[in-house]
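These notes concern the structure reproduced below.
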Amino acid sequence: MGRWRPPAEKSTALVTPEGHARLKAELDDLWRVRRPEVVRALAAAAAEGDRSENAEYTYRKKQLGEIDRRVRYLGKRLETLRVVDTVPSDPLAVFFGATVEVEDAASGETARYRVVGPDETDARRGWISIDSPLARAMLKKRVDDEFEAQLPAGVARFFILDVRYGG
């Protein structure tokens with residue numbers, strides 16, 4: 001079996017200022033801190049002799065490959081990302097960077113989501129990718145608008161309760 005992987009789907013190249021800073025900090029940490037540590041450990045493992053039976057050497061080579069892969073991805077991705085740090089001309093509608101409170105039409109439960117770039121999603125914080133079905137469905141909607149989203153569990157209807165910008 002080969003190493004070929006199908007190319008990843010194209011994702012929207014938008015990011016919030018906080019997300020951009022986090023990605024740059026991750027790249028810096030990987031390049032200046034973690035990679036040198038792994039290279040030192042790899043050199044020490046290689047000095048122990050027979051590499052074919054050296055689990056530490058094998059592990060460190062794999063770890064170095066993962067770090068290098070992530071460094072390459074972040075380097076290329078940071079060049080293409082566009083930082084969005086302005087409020088849209090219509091702050092009452094849902095666009096990138098909005099924090100949106102929605103109500104599920106079926107259950108009446110409310111949830112709060114922030115529409116962010118695909119590189120900064122965080123389910124625990126309610127940060128959803130602008131490429132997600134829910135975010136796509138709510139784009140350009142306003143308070144009191146109803147919309148449907150095709151979710152993994154099926155079609156769901158929601159009402160927009162609130163739209164805010166700025167953190």
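To be explicit about the labels: the chains of the structure tokens are called A, B, and onward in the order shown, and within each one the residues are counted from 1, while ligands get numbers from 1 in the order they are shown.
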
Please provide the set of residues having any atom within 9 Å of Val38 in chain A, restricted to only C-alpha atoms, with same-chain residues fewer than 3 positions apart removed, written as a PDB file with N, CA and C atoms, in the first residue's frame.
ATOM      1  N   VAL A  33      11.380  25.308  19.175  1.00  0.00           N
ATOM      2  CA  VAL A  33      11.446  24.577  20.438  1.00  0.00           C
ATOM      3  C   VAL A  33      11.353  23.067  20.223  1.00  0.00           C
ATOM      4  N   ARG A  34      10.213  22.616  19.697  1.00  0.00           N
ATOM      5  CA  ARG A  34       9.974  21.170  19.617  1.00  0.00           C
ATOM      6  C   ARG A  34      10.888  20.459  18.633  1.00  0.00           C
ATOM      7  N   ARG A  35      11.095  21.041  17.442  1.00  0.00           N
ATOM      8  CA  ARG A  35      11.927  20.363  16.445  1.00  0.00           C
ATOM      9  C   ARG A  35      13.367  20.191  16.934  1.00  0.00           C
ATOM     10  N   ALA A  41      17.173  14.416  20.510  1.00  0.00           N
ATOM     11  CA  ALA A  41      16.829  13.068  20.975  1.00  0.00           C
ATOM     12  C   ALA A  41      17.091  12.033  19.876  1.00  0.00           C
ATOM     13  N   LEU A  42      16.837  12.406  18.630  1.00  0.00           N
ATOM     14  CA  LEU A  42      17.091  11.508  17.505  1.00  0.00           C
ATOM     15  C   LEU A  42      18.586  11.234  17.360  1.00  0.00           C
ATOM     16  N   ALA A  43      19.388  12.257  17.504  1.00  0.00           N
ATOM     17  CA  ALA A  43      20.849  12.080  17.410  1.00  0.00           C
ATOM     18  C   ALA A  43      21.348  11.169  18.535  1.00  0.00           C
ATOM     19  N   ARG A  60      11.443   8.679  17.189  1.00  0.00           N
ATOM     20  CA  ARG A  60      11.884  10.059  16.960  1.00  0.00           C
ATOM     21  C   ARG A  60      11.867  10.422  15.477  1.00  0.00           C
ATOM     22  N   LYS A  61      12.192   9.478  14.591  1.00  0.00           N
ATOM     23  CA  LYS A  61      12.113   9.742  13.148  1.00  0.00           C
ATOM     24  C   LYS A  61      10.666  10.032  12.745  1.00  0.00           C
ATOM     25  N   GLN A  63       8.262  11.125  14.743  1.00  0.00           N
ATOM     26  CA  GLN A  63       7.895  12.395  15.366  1.00  0.00           C
ATOM     27  C   GLN A  63       8.457  13.576  14.577  1.00  0.00           C
ATOM     28  N   LEU A  64       9.681  13.464  14.116  1.00  0.00           N
ATOM     29  CA  LEU A  64      10.300  14.527  13.321  1.00  0.00           C
ATOM     30  C   LEU A  64       9.538  14.716  12.005  1.00  0.00           C
TER      31      LEU A  64
END

DSSP on the backbone, then: every residue of chain A marked alpha helix (DSSP H), written as a VMD selection string. chain A and resid 17 to 29 35 to 46 55 to 80 133 to 138

Please dump the current selection as a short mmCIF file (atom, residue, chain, number, x, y, z; two decimals), in the first residue's frame; keep C-alpha atoms.
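Result file again29.cif:
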data_model
loop_
_atom_site.label_atom_id
_atom_site.label_comp_id
_atom_site.auth_asym_id
_atom_site.auth_seq_id
_atom_site.Cartn_x
_atom_site.Cartn_y
_atom_site.Cartn_z
CA PRO A 17 -6.55 38.01 14.16
CA GLU A 18 -6.52 35.73 17.24
CA GLY A 19 -6.42 32.62 15.06
CA HIS A 20 -3.61 34.04 12.93
CA ALA A 21 -1.56 34.83 16.03
CA ARG A 22 -2.19 31.31 17.39
CA LEU A 23 -1.08 29.68 14.12
CA LYS A 24 2.08 31.82 13.98
CA ALA A 25 2.85 30.95 17.62
CA GLU A 26 2.37 27.24 16.86
CA LEU A 27 4.73 27.46 13.88
CA ASP A 28 7.33 29.31 15.95
CA ASP A 29 7.06 26.76 18.79
CA ARG A 35 11.93 20.36 16.45
CA PRO A 36 15.37 21.03 18.00
CA GLU A 37 14.41 18.86 21.01
CA VAL A 38 13.39 15.98 18.75
CA VAL A 39 16.53 16.35 16.60
CA ARG A 40 18.72 16.16 19.74
CA ALA A 41 16.83 13.07 20.98
CA LEU A 42 17.09 11.51 17.51
CA ALA A 43 20.85 12.08 17.41
CA ALA A 44 21.20 10.50 20.86
CA ALA A 45 19.12 7.49 19.78
CA ALA A 46 21.14 7.12 16.57
CA ALA A 55 12.54 1.83 19.13
CA GLU A 56 13.57 5.30 20.34
CA TYR A 57 15.21 6.06 16.99
CA THR A 58 12.15 4.86 15.05
CA TYR A 59 9.80 6.88 17.27
CA ARG A 60 11.88 10.06 16.96
CA LYS A 61 12.11 9.74 13.15
CA LYS A 62 8.33 9.45 12.99
CA GLN A 63 7.90 12.40 15.37
CA LEU A 64 10.30 14.53 13.32
CA GLY A 65 8.34 13.72 10.15
CA GLU A 66 5.08 14.79 11.81
CA ILE A 67 6.62 18.05 12.99
CA ASP A 68 8.09 18.77 9.55
CA ARG A 69 4.76 18.02 7.88
CA ARG A 70 2.95 20.44 10.19
CA VAL A 71 5.65 23.11 9.71
CA ARG A 72 5.29 22.84 5.92
CA TYR A 73 1.50 23.06 6.15
CA LEU A 74 1.55 26.08 8.48
CA GLY A 75 4.18 27.86 6.39
CA LYS A 76 2.12 27.51 3.22
CA ARG A 77 -1.21 28.17 4.93
CA LEU A 78 -0.09 31.36 6.66
CA GLU A 79 0.96 32.77 3.27
CA THR A 80 -2.54 32.25 1.82
CA PRO A 133 -23.06 23.18 6.89
CA LEU A 134 -24.51 25.14 9.83
CA ALA A 135 -22.38 28.23 9.19
CA ARG A 136 -23.05 28.11 5.43
CA ALA A 137 -26.78 27.94 6.09
CA MET A 138 -26.81 30.92 8.46
#

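With only C-alpha atoms as the atoms that count, the residue of A:Gly166, A:Gly108, A:Pro118, A:Gly154 with the shortest distance to Ala13 in chain A is A:Pro118.
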
Mind checking DSSP for range 13-161 of chain A and telling me the strand (DSSP E or B) residues as a VMD selection string? chain A and resid 14 to 15 82 to 83 93 99 to 104 110 to 116 122 127 to 129 142 146 to 151 154 to 161

Write the residues of the selection above to a file with N, CA and C atoms, as an mmCIF file, in the first residue's frame.
data_model
loop_
_atom_site.group_PDB
_atom_site.id
_atom_site.type_symbol
_atom_site.label_atom_id
_atom_site.label_comp_id
_atom_site.auth_asym_id
_atom_site.auth_seq_id
_atom_site.Cartn_x
_atom_site.Cartn_y
_atom_site.Cartn_z
ATOM 1 N N LEU A 14 -9.724 32.271 5.306
ATOM 2 C CA LEU A 14 -9.974 33.402 6.189
ATOM 3 C C LEU A 14 -9.587 33.002 7.602
ATOM 4 N N VAL A 15 -9.168 33.978 8.377
ATOM 5 C CA VAL A 15 -8.795 33.727 9.760
ATOM 6 C C VAL A 15 -9.005 35.010 10.560
ATOM 7 N N ARG A 82 -6.129 35.174 4.763
ATOM 8 C CA ARG A 82 -6.466 36.598 4.824
ATOM 9 C C ARG A 82 -7.050 36.867 6.201
ATOM 10 N N VAL A 83 -6.425 37.763 6.943
ATOM 11 C CA VAL A 83 -6.882 38.108 8.291
ATOM 12 C C VAL A 83 -8.045 39.082 8.177
ATOM 13 N N ALA A 93 -26.307 41.222 10.155
ATOM 14 C CA ALA A 93 -26.378 39.967 9.417
ATOM 15 C C ALA A 93 -25.183 39.082 9.797
ATOM 16 N N THR A 99 -20.636 36.181 16.207
ATOM 17 C CA THR A 99 -21.085 35.278 17.257
ATOM 18 C C THR A 99 -22.599 35.277 17.161
ATOM 19 N N VAL A 100 -23.159 34.092 16.942
ATOM 20 C CA VAL A 100 -24.577 33.961 16.631
ATOM 21 C C VAL A 100 -25.246 33.071 17.663
ATOM 22 N N GLU A 101 -26.370 33.542 18.192
ATOM 23 C CA GLU A 101 -27.183 32.709 19.080
ATOM 24 C C GLU A 101 -28.357 32.206 18.264
ATOM 25 N N VAL A 102 -28.539 30.874 18.255
ATOM 26 C CA VAL A 102 -29.615 30.261 17.485
ATOM 27 C C VAL A 102 -30.495 29.428 18.401
ATOM 28 N N GLU A 103 -31.739 29.252 17.955
ATOM 29 C CA GLU A 103 -32.676 28.389 18.669
ATOM 30 C C GLU A 103 -33.083 27.271 17.729
ATOM 31 N N ASP A 104 -33.007 26.041 18.221
ATOM 32 C CA ASP A 104 -33.445 24.882 17.449
ATOM 33 C C ASP A 104 -34.971 24.914 17.412
ATOM 34 N N THR A 110 -31.271 26.557 22.868
ATOM 35 C CA THR A 110 -30.466 27.610 22.253
ATOM 36 C C THR A 110 -28.991 27.221 22.296
ATOM 37 N N ALA A 111 -28.236 27.745 21.357
ATOM 38 C CA ALA A 111 -26.796 27.517 21.298
ATOM 39 C C ALA A 111 -26.143 28.770 20.752
ATOM 40 N N ARG A 112 -24.887 28.974 21.127
ATOM 41 C CA ARG A 112 -24.131 30.130 20.660
ATOM 42 C C ARG A 112 -22.927 29.630 19.884
ATOM 43 N N TYR A 113 -22.745 30.157 18.671
ATOM 44 C CA TYR A 113 -21.640 29.775 17.800
ATOM 45 C C TYR A 113 -20.905 31.019 17.333
ATOM 46 N N ARG A 114 -19.614 30.837 17.091
ATOM 47 C CA ARG A 114 -18.825 31.896 16.466
ATOM 48 C C ARG A 114 -18.333 31.347 15.138
ATOM 49 N N VAL A 115 -18.556 32.080 14.069
ATOM 50 C CA VAL A 115 -18.159 31.655 12.732
ATOM 51 C C VAL A 115 -16.710 32.083 12.512
ATOM 52 N N VAL A 116 -15.817 31.088 12.409
ATOM 53 C CA VAL A 116 -14.383 31.346 12.272
ATOM 54 C C VAL A 116 -13.824 30.565 11.088
ATOM 55 N N ASP A 122 -13.116 25.224 17.238
ATOM 56 C CA ASP A 122 -12.990 24.694 18.595
ATOM 57 C C ASP A 122 -14.397 24.389 19.096
ATOM 58 N N TRP A 127 -16.889 27.448 18.444
ATOM 59 C CA TRP A 127 -16.321 28.080 17.250
ATOM 60 C C TRP A 127 -16.463 27.091 16.099
ATOM 61 N N ILE A 128 -17.255 27.448 15.096
ATOM 62 C CA ILE A 128 -17.495 26.561 13.964
ATOM 63 C C ILE A 128 -16.891 27.159 12.693
ATOM 64 N N SER A 129 -16.464 26.277 11.816
ATOM 65 C CA SER A 129 -15.843 26.703 10.560
ATOM 66 C C SER A 129 -16.872 27.338 9.641
ATOM 67 N N ARG A 142 -30.406 37.276 9.342
ATOM 68 C CA ARG A 142 -30.500 38.330 10.353
ATOM 69 C C ARG A 142 -31.299 37.831 11.545
ATOM 70 N N GLU A 146 -35.403 32.564 9.934
ATOM 71 C CA GLU A 146 -35.407 31.118 10.089
ATOM 72 C C GLU A 146 -34.578 30.525 8.948
ATOM 73 N N PHE A 147 -33.842 29.440 9.248
ATOM 74 C CA PHE A 147 -33.068 28.788 8.201
ATOM 75 C C PHE A 147 -32.996 27.292 8.475
ATOM 76 N N GLU A 148 -32.700 26.538 7.427
ATOM 77 C CA GLU A 148 -32.518 25.095 7.537
ATOM 78 C C GLU A 148 -31.075 24.751 7.233
ATOM 79 N N ALA A 149 -30.566 23.747 7.943
ATOM 80 C CA ALA A 149 -29.199 23.276 7.711
ATOM 81 C C ALA A 149 -29.213 21.762 7.591
ATOM 82 N N GLN A 150 -28.482 21.255 6.621
ATOM 83 C CA GLN A 150 -28.341 19.804 6.450
ATOM 84 C C GLN A 150 -27.215 19.340 7.360
ATOM 85 N N LEU A 151 -27.584 18.742 8.500
ATOM 86 C CA LEU A 151 -26.620 18.258 9.473
ATOM 87 C C LEU A 151 -26.494 16.744 9.356
ATOM 88 N N GLY A 154 -29.594 14.888 9.933
ATOM 89 C CA GLY A 154 -30.703 15.232 9.044
ATOM 90 C C GLY A 154 -30.895 16.735 8.973
ATOM 91 N N VAL A 155 -31.976 17.143 8.312
ATOM 92 C CA VAL A 155 -32.260 18.567 8.166
ATOM 93 C C VAL A 155 -32.785 19.115 9.494
ATOM 94 N N ALA A 156 -32.243 20.248 9.905
ATOM 95 C CA ALA A 156 -32.674 20.901 11.146
ATOM 96 C C ALA A 156 -33.020 22.350 10.838
ATOM 97 N N ARG A 157 -34.034 22.858 11.542
ATOM 98 C CA ARG A 157 -34.453 24.257 11.387
ATOM 99 C C ARG A 157 -34.045 25.054 12.613
ATOM 100 N N PHE A 158 -33.620 26.285 12.367
ATOM 101 C CA PHE A 158 -33.157 27.161 13.435
ATOM 102 C C PHE A 158 -33.705 28.566 13.230
ATOM 103 N N PHE A 159 -33.733 29.330 14.338
ATOM 104 C CA PHE A 159 -34.051 30.750 14.306
ATOM 105 C C PHE A 159 -32.839 31.508 14.815
ATOM 106 N N ILE A 160 -32.537 32.642 14.190
ATOM 107 C CA ILE A 160 -31.429 33.495 14.655
ATOM 108 C C ILE A 160 -31.982 34.384 15.782
ATOM 109 N N LEU A 161 -31.379 34.312 16.951
ATOM 110 C CA LEU A 161 -31.819 35.118 18.098
ATOM 111 C C LEU A 161 -30.963 36.371 18.276
#

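Closest approach to Leu92 in chain A from the set A:Gly126, A:Ser132, A:Asp144, A:Pro152 is made by A:Asp144, with distances taken over only C-alpha atoms.
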